[in-house]
Structures are given as structure tokens and as C-alpha cells.
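Next comes my_file14.cif, with mmCIF, C-alpha atoms.
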data_coords
loop_
_atom_site.label_atom_id
_atom_site.label_comp_id
_atom_site.auth_asym_id
_atom_site.auth_seq_id
_atom_site.Cartn_x
_atom_site.Cartn_y
_atom_site.Cartn_z
CA MET A 28 9.64 -19.39 5.09
CA VAL A 29 6.28 -18.97 3.32
CA ASP A 30 6.94 -15.26 2.88
CA MET A 31 10.42 -15.80 1.43
CA LEU A 32 9.33 -18.53 -0.98
CA GLY A 33 6.23 -16.60 -2.02
CA ARG A 34 8.04 -13.34 -2.69
CA ALA A 35 10.60 -15.23 -4.74
CA GLY A 36 7.77 -16.49 -6.95
CA LEU A 37 8.03 -20.07 -5.70
CA LEU A 38 4.32 -20.27 -4.97
CA ASN A 39 3.99 -24.03 -5.39
CA GLN A 40 6.85 -24.66 -2.98
CA ALA A 41 5.35 -22.23 -0.48
CA HIS A 42 1.95 -23.88 -0.76
CA HIS A 43 3.52 -27.33 -0.34
CA PHE A 44 5.32 -26.10 2.77
CA ILE A 45 2.02 -24.94 4.25
CA LYS A 46 0.43 -28.32 3.59
CA GLN A 47 3.07 -29.94 5.79
CA LEU A 48 1.99 -27.82 8.77
CA HIS A 49 -0.66 -28.89 11.23
CA GLY A 50 -2.61 -27.60 14.21
CA LYS A 51 -1.18 -24.65 16.11
CA ASP A 52 1.55 -24.09 13.50
CA LEU A 53 -1.02 -23.14 10.86
CA VAL A 54 -1.58 -19.58 12.10
CA PRO A 55 -3.44 -16.90 10.05
CA ALA A 56 -0.19 -15.00 9.40
CA ILE A 57 0.96 -17.89 7.21
CA TRP A 58 -2.12 -17.63 5.00
CA THR A 59 -1.72 -13.84 4.91
CA ALA A 60 1.85 -14.19 3.64
CA MET A 61 0.69 -16.68 1.04
CA LEU A 62 -2.16 -14.48 -0.14
CA GLY A 63 0.20 -11.52 -0.40
CA ALA A 64 2.52 -13.58 -2.59
CA CYS A 65 -0.42 -14.58 -4.79
CA LYS A 66 -1.26 -10.89 -5.23
CA MET A 67 2.35 -10.03 -6.05
CA HIS A 68 2.57 -12.72 -8.73
CA LYS A 69 -1.08 -12.45 -9.86
CA ASN A 70 -1.98 -16.08 -9.24
CA LEU A 71 -5.76 -15.72 -8.96
CA ASP A 72 -6.68 -19.40 -8.67
CA LEU A 73 -4.34 -20.07 -5.77
CA ALA A 74 -5.33 -16.77 -4.13
CA VAL A 75 -8.97 -17.86 -3.97
CA GLU A 76 -8.03 -21.16 -2.33
CA VAL A 77 -5.76 -19.44 0.18
CA ALA A 78 -8.35 -16.76 0.95
CA GLU A 79 -10.91 -19.41 1.90
CA HIS A 80 -8.60 -20.66 4.65
CA LEU A 81 -7.75 -17.14 5.79
CA LEU A 82 -11.33 -15.89 5.98
CA TYR A 83 -12.35 -19.05 7.82
CA ALA A 84 -9.58 -18.46 10.38
CA GLU A 85 -10.27 -14.73 10.85
CA PRO A 86 -13.65 -13.82 9.34
CA ASP A 87 -13.78 -10.41 11.06
CA ASN A 88 -10.39 -9.07 9.95
CA PRO A 89 -11.08 -6.40 7.29
CA GLY A 90 -7.46 -6.48 6.09
CA HIS A 91 -7.96 -9.96 4.64
CA TYR A 92 -10.95 -8.84 2.57
CA VAL A 93 -9.05 -5.80 1.31
CA LEU A 94 -6.09 -7.94 0.27
CA LEU A 95 -8.36 -10.40 -1.55
CA SER A 96 -10.16 -7.51 -3.24
CA ASN A 97 -6.82 -6.16 -4.45
CA VAL A 98 -5.93 -9.56 -5.87
CA PHE A 99 -9.15 -9.62 -7.90
CA ALA A 100 -8.68 -5.99 -8.97
CA SER A 101 -5.14 -6.70 -10.20
CA ALA A 102 -6.56 -9.55 -12.29
CA GLY A 103 -9.29 -7.29 -13.71
CA ARG A 104 -12.07 -9.26 -11.98
CA MET A 105 -14.15 -6.29 -10.88
CA ASP A 106 -17.19 -8.54 -10.39
CA ARG A 107 -15.27 -10.38 -7.68
CA VAL A 108 -14.07 -7.09 -6.20
CA GLU A 109 -17.69 -6.01 -5.78
CA LEU A 110 -18.54 -9.39 -4.24
CA VAL A 111 -15.80 -9.06 -1.63
CA ARG A 112 -16.80 -5.50 -0.80
CA ASN A 113 -20.41 -6.58 -0.35
CA MET A 114 -19.21 -9.26 2.07
CA MET A 115 -17.44 -6.57 4.08
CA ILE A 116 -20.57 -4.43 4.15
CA GLN A 117 -22.73 -7.36 5.26
CA ARG A 118 -20.32 -8.08 8.11
CA GLY A 119 -20.07 -4.42 9.06
CA LEU A 120 -16.33 -4.34 8.39
CA LYS A 121 -14.39 -1.26 7.30
CA LYS A 122 -10.89 -0.89 5.91
CA GLN A 123 -8.46 0.30 8.55
CA VAL A 124 -7.42 3.92 8.06
CA GLY A 125 -3.71 4.37 7.48
CA TYR A 126 -1.83 7.15 9.22
CA SER A 127 1.77 8.26 9.69
CA ILE A 128 3.32 10.13 12.60
CA ILE A 129 6.46 12.25 12.59
CA ASP A 130 8.00 13.83 15.70
CA LEU A 131 9.64 17.23 15.29
CA ASN A 132 10.89 19.42 18.14
CA ASN A 133 9.19 17.24 20.75
CA LYS A 134 5.82 17.51 19.02
CA SER A 135 3.98 14.77 17.12
CA TYR A 136 2.27 15.42 13.77
CA LEU A 137 -0.20 12.90 12.37
CA PHE A 138 -1.14 12.61 8.69
CA SER A 139 -3.71 10.41 6.95
CA MET A 140 -4.25 9.90 3.22
CA GLY A 141 -5.39 13.11 1.56
CA ASP A 142 -5.25 14.82 4.94
CA LYS A 143 -6.05 18.54 4.80
CA SER A 144 -6.42 19.21 8.52
CA HIS A 145 -2.91 20.55 9.02
CA PRO A 146 -2.68 24.38 9.11
CA GLU A 147 0.10 24.26 6.50
CA THR A 148 -1.71 21.87 4.17
CA ASN A 149 -1.27 24.03 1.06
CA GLU A 150 2.46 24.39 1.64
CA VAL A 151 2.89 20.66 2.32
CA TYR A 152 0.98 19.67 -0.82
CA GLN A 153 2.88 22.14 -2.99
CA TYR A 154 6.20 20.96 -1.59
CA LEU A 155 5.22 17.31 -2.18
CA ASP A 156 4.11 18.06 -5.75
CA GLU A 157 7.48 19.67 -6.50
CA LEU A 158 9.25 16.76 -4.81
CA ILE A 159 7.40 14.16 -6.89
CA LEU A 160 8.24 16.12 -10.05
CA ARG A 161 11.94 15.97 -9.16
CA CYS A 162 11.59 12.23 -8.50
CA LYS A 163 9.92 11.71 -11.88
CA GLU A 164 12.79 13.51 -13.57
CA ALA A 165 15.10 11.05 -11.78
CA GLY A 166 13.10 8.06 -13.07
CA TYR A 167 10.25 7.51 -10.62
CA LEU A 168 7.00 6.20 -12.12
CA PRO A 169 3.84 6.09 -9.94
CA ASP A 170 2.28 2.63 -9.79
CA SER A 171 -1.32 3.50 -10.60
CA GLU A 172 -2.35 -0.16 -10.30
CA LEU A 173 -2.09 0.27 -6.55
CA ALA A 174 -4.72 2.99 -6.50
CA MET A 175 -8.41 2.18 -6.20
CA HIS A 176 -9.43 0.48 -9.41
CA GLU A 177 -12.77 2.22 -9.72
CA VAL A 178 -11.06 5.62 -9.80
CA GLU A 179 -10.53 7.29 -13.16
CA GLU A 180 -6.98 7.10 -14.55
CA GLU A 181 -6.18 10.76 -14.03
CA GLU A 182 -7.30 10.47 -10.37
CA ARG A 183 -5.24 7.39 -9.55
CA GLU A 184 -1.95 9.24 -9.32
CA TYR A 185 -3.61 11.80 -7.04
CA ALA A 186 -4.82 9.00 -4.75
CA LEU A 187 -1.29 7.58 -4.56
CA ARG A 188 0.55 10.87 -4.20
CA TYR A 189 -1.09 11.94 -0.98
CA HIS A 190 -0.63 8.77 1.07
CA SER A 191 0.11 9.55 4.70
CA GLU A 192 3.80 8.59 4.62
CA LYS A 193 4.48 10.86 1.64
CA LEU A 194 2.79 13.77 3.42
CA ALA A 195 4.79 13.11 6.59
CA VAL A 196 8.03 12.94 4.62
CA ALA A 197 7.27 16.19 2.78
CA PHE A 198 6.41 17.95 6.03
CA GLY A 199 9.57 16.66 7.69
CA LEU A 200 11.76 17.84 4.83
CA MET A 201 10.11 21.25 4.93
CA LYS A 202 10.69 21.65 8.66
CA THR A 203 14.21 20.30 9.10
CA SER A 204 17.66 21.29 7.93
CA ASP A 205 19.86 19.46 5.45
CA GLY A 206 21.49 16.42 6.98
CA VAL A 207 18.74 15.76 9.54
CA THR A 208 17.40 12.20 9.46
CA LEU A 209 13.61 11.89 9.33
CA ARG A 210 11.92 9.29 11.53
CA ILE A 211 8.33 8.32 10.79
CA VAL A 212 5.98 5.64 12.15
CA LYS A 213 3.11 4.18 10.09
CA ASN A 214 0.36 1.98 11.51
CA LEU A 215 0.03 -0.15 8.35
CA ARG A 216 2.47 -1.73 5.94
CA ILE A 217 4.03 0.84 3.61
CA CYS A 218 2.67 0.40 0.07
CA GLU A 219 4.89 -0.44 -2.90
CA ASP A 220 4.45 2.96 -4.53
CA CYS A 221 5.37 4.92 -1.39
CA HIS A 222 8.36 2.65 -0.89
CA SER A 223 9.53 3.38 -4.43
CA ALA A 224 8.84 7.11 -4.17
CA ILE A 225 10.67 7.51 -0.86
CA LYS A 226 13.73 5.77 -2.27
CA PHE A 227 13.83 8.45 -4.98
CA ILE A 228 13.11 11.18 -2.42
CA SER A 229 16.06 10.07 -0.31
CA ASN A 230 18.23 10.34 -3.40
CA VAL A 231 17.10 13.70 -4.81
CA THR A 232 17.18 15.35 -1.36
CA SER A 233 20.32 13.58 -0.05
CA ARG A 234 18.46 12.74 3.14
CA GLU A 235 18.16 9.62 5.27
CA ILE A 236 14.56 8.64 6.01
CA ILE A 237 13.59 5.94 8.50
CA ILE A 238 10.04 4.59 8.45
CA ARG A 239 8.76 2.06 10.94
CA ASP A 240 5.71 0.40 9.42
CA LYS A 241 3.54 -2.41 10.76
CA LEU A 242 6.15 -5.05 9.94
CA ARG A 243 9.65 -3.57 10.09
CA PHE A 244 12.00 -0.63 9.81
CA HIS A 245 12.89 0.86 6.41
CA HIS A 246 16.07 2.92 6.25
CA PHE A 247 16.10 4.91 3.01
CA LYS A 248 19.42 6.36 1.91
CA ASP A 249 20.88 7.36 -1.47
CA GLY A 250 17.98 5.83 -3.41
CA SER A 251 17.92 2.43 -1.73
CA CYS A 252 16.28 0.83 1.30
CA SER A 253 17.70 -1.38 4.01
CA CYS A 254 15.03 -4.02 3.25
CA LEU A 255 16.43 -4.40 -0.27
CA ASP A 256 12.84 -4.20 -1.60
CA TYR A 257 12.06 -7.51 0.08
CA TRP A 258 9.60 -6.80 2.87
#
Would you kindly transcribe this structure into C-alpha cells?
Amino acid sequence: MVDMLGRAGLLNQAHHFIKQLHGKDLVPAIWTAMLGACKMHKNLDLAVEVAEHLLYAEPDNPGHYVLLSNVFASAGRMDRVELVRNMMIQRGLKKQVGYSIIDLNNKSYLFSMGDKSHPETNEVYQYLDELILRCKEAGYLPDSELAMHEVEEEEREYALRYHSEKLAVAFGLMKTSDGVTLRIVKNLRICEDCHSAIKFISNVTSREIIIRDKLRFHHFKDGSCSCLDYW
């Protein structure tokens, strides 16, 4: 309920709903959903209040600090971003590394962001570059706000382009025939930019792509996703 209200922009209603909960019902996932909604709709004041509850409930979960840092970064509060990162350093916390796995011919291939360990790295990167160009011609625009905010503008698109799920998709397309459905698993939630890009990829390549992220399945087909962009 909190997630649905928050994503719809009804932040006050979502916050009021939370206030009606007590005890065991007030689990950290509720505060996480609320903080995510605050990030989506750039409500900095409410995000700070929500983050206090979340960090009190799970002070050693690095994902909460990263989400709060992103909220501040989206609002241009780089001083607060630095403060949150210093808190992570003091607690010895590190951001969880994202990776994606694709199975082809009974063999698993793992990719991480900017991964260059694969023997066909150059071919994968070149294929992905050409794929993104085709997507741009079809209307795709990289969301550079999602990249690290301390990175220079021309480097932000690079940081986004080589996310693990994009690399896994490119590799899968390279290695399979037309009509074959790609199936990929990611350990974290797929980011907004990758979600947008893979919708375009499914359209320009006429392929079905299924990605199981931390929260749910995404079935990309003909430029749309089964989640209807509401995940």
C-alpha cells in the first residue's frame, strides 16, 4: 500500500498510512518503500524524516545509506551526500556490487558494471554501443541523473551504459538466434535507465527479454514491460 501510494505521488497519504501502523507491522521495508517514493518525487524534507526511522531500524544496511545519498544528490545537496558517505565509511559499510547472470547452452555468464573480465569484452562493448545508438535513434535518452553525481557529464552516460544487465543483454543477443527469449537474473533492483533502455532494445531487436531482479520479473516485449513501469 505504501509503495503504491508513494509511486503515485500521494506521499502525504502514504505517510499517514504508515502513522497508523504499530509494532511488528512497522517493518523496515515500509520505510524503504517510502524513502524510494520520496526520491522519485524529490521530496527532500520528508525523505530526511523517513530516513531517520529507516537507519534506526537497520543501521548496518548499506542500501539505505545509498538510497538516502541518491535523494540528496537528486536535490543537488552534495554536502549532504558527502555526509552520508562519511557515515558509511565510519561504519565500515560498502555499497553492494550489482551483477547479472545469463545462462546460455547450460553455462552461466556473470557480468558486473563496467566488467572487462569476459574474453569477448571488446565485442560485447562494441555490440552494446551499436545497440544503444539504434535505441537513441528510436527515441531512447539516457538518464544521466542516475549516474554518480560527482562524475563529469561526459562520463555519466558511460557509467550508465555498462551496467551489468545491459552487458548481459548485449552478450545474450550476440550469442543467440532471432526469436530466442533471453532470461537474466540480477541481484539488485534494475535501475530506471536500464529498464528504459531494455524496453527500447526489445523493440529494435524484436526480442523478448525476461529479467528477474531483486523484487520481481520484468518481461520486455515490443518496447514495453510487464510491470507497466510500476515496480
Exercise. Point out the residue among A:Leu48, A:Leu194, A:Cys162, A:Leu62 with the least atom-to-atom distance to Glu150 in chain A, counting all atoms listed in the file.
Key: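 Smallest separation from Glu150 in chain A among the options: A:Leu194.
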Practice problem: List the neighbours of range 237-249 of chain A out to 9 Å using only C-alpha atoms; skip same-chain residues closer than 3 positions along the sequence, and give me the result as a list in words. | Solution: Ser127, Glu192, Thr208, Leu209, Arg210, Ile211, Val212, Lys213, Asn214, Leu215, Arg216, Ile217, His222, Ile225, Lys226, Phe227, Ile228, Ser229, Asn230, Val231, Thr232, Ser233, Arg234, Cys252, Ser253, Cys254 and Trp258 of chain A
Quiz item: Which polymer residues have any atom within 12 Å of an atom of Asp72 in chain A, counting all atoms listed in the file, with same-chain residues fewer than 5 positions away left out, as a ChimeraX atom specification?
Solution: /A:38,62,65-66,77-79,95,98-99,102,104
Quiz item: When the PyMOL selection byres ((chain A and resi 112) around 10) is applied to the file above, which residues end up in the set, as a list of chain:residue names?
Solution: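 After applying the PyMOL selection byres ((chain A and resi 112) around 10), what remains is A:Pro89, A:Tyr92, A:Val93, A:Leu95, A:Ser96, A:Arg107, A:Val108, A:Glu109, A:Leu110, A:Val111, A:Asn113, A:Met114, A:Met115, A:Ile116, A:Gln117, A:Arg118, A:Leu120, A:Lys121.
CA of Tyr189 in chain A to CA of Gly141 in chain A spans 5.1 Å [interatomic distance, one decimal].
Taking CA of Met201 in chain A and CA of Cys218 in chain A as the two end points, the separation is 22.7 Å.
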Practice problem: Record the distance separating CA of Tyr152 in chain A and CA of Ala197 in chain A, expressed in Å with one decimal. | Solution: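 Straight-line distance from CA of Tyr152 in chain A to CA of Ala197 in chain A works out to 8.0 Å.
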Quiz prompt | Nearest residue to Val196 in chain A from the set A:Ala224, A:Pro146, A:Gly50, A:Gly33 (distances using only C-alpha atoms) | solution =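 For Val196 in chain A, the nearest of the given residues is A:Ala224.
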Name every residue that the PyMOL selection byres ((chain A and resi 29) around 8) selects in this structure, writing the answer as a PDB file with C-alpha atoms, keeping the file's coordinate frame with chains first and numbers rising.
ATOM      1  CA  MET A  28       9.640 -19.390   5.090  1.00  0.00           C
ATOM      2  CA  ASP A  30       6.940 -15.260   2.880  1.00  0.00           C
ATOM      3  CA  MET A  31      10.420 -15.800   1.430  1.00  0.00           C
ATOM      4  CA  LEU A  32       9.330 -18.530  -0.980  1.00  0.00           C
ATOM      5  CA  GLY A  33       6.230 -16.600  -2.020  1.00  0.00           C
ATOM      6  CA  ALA A  41       5.350 -22.230  -0.480  1.00  0.00           C
ATOM      7  CA  HIS A  42       1.950 -23.880  -0.760  1.00  0.00           C
ATOM      8  CA  PHE A  44       5.320 -26.100   2.770  1.00  0.00           C
ATOM      9  CA  ILE A  45       2.020 -24.940   4.250  1.00  0.00           C
ATOM     10  CA  ILE A  57       0.960 -17.890   7.210  1.00  0.00           C
ATOM     11  CA  ALA A  60       1.850 -14.190   3.640  1.00  0.00           C
ATOM     12  CA  MET A  61       0.690 -16.680   1.040  1.00  0.00           C
TER      13      MET A  61
END
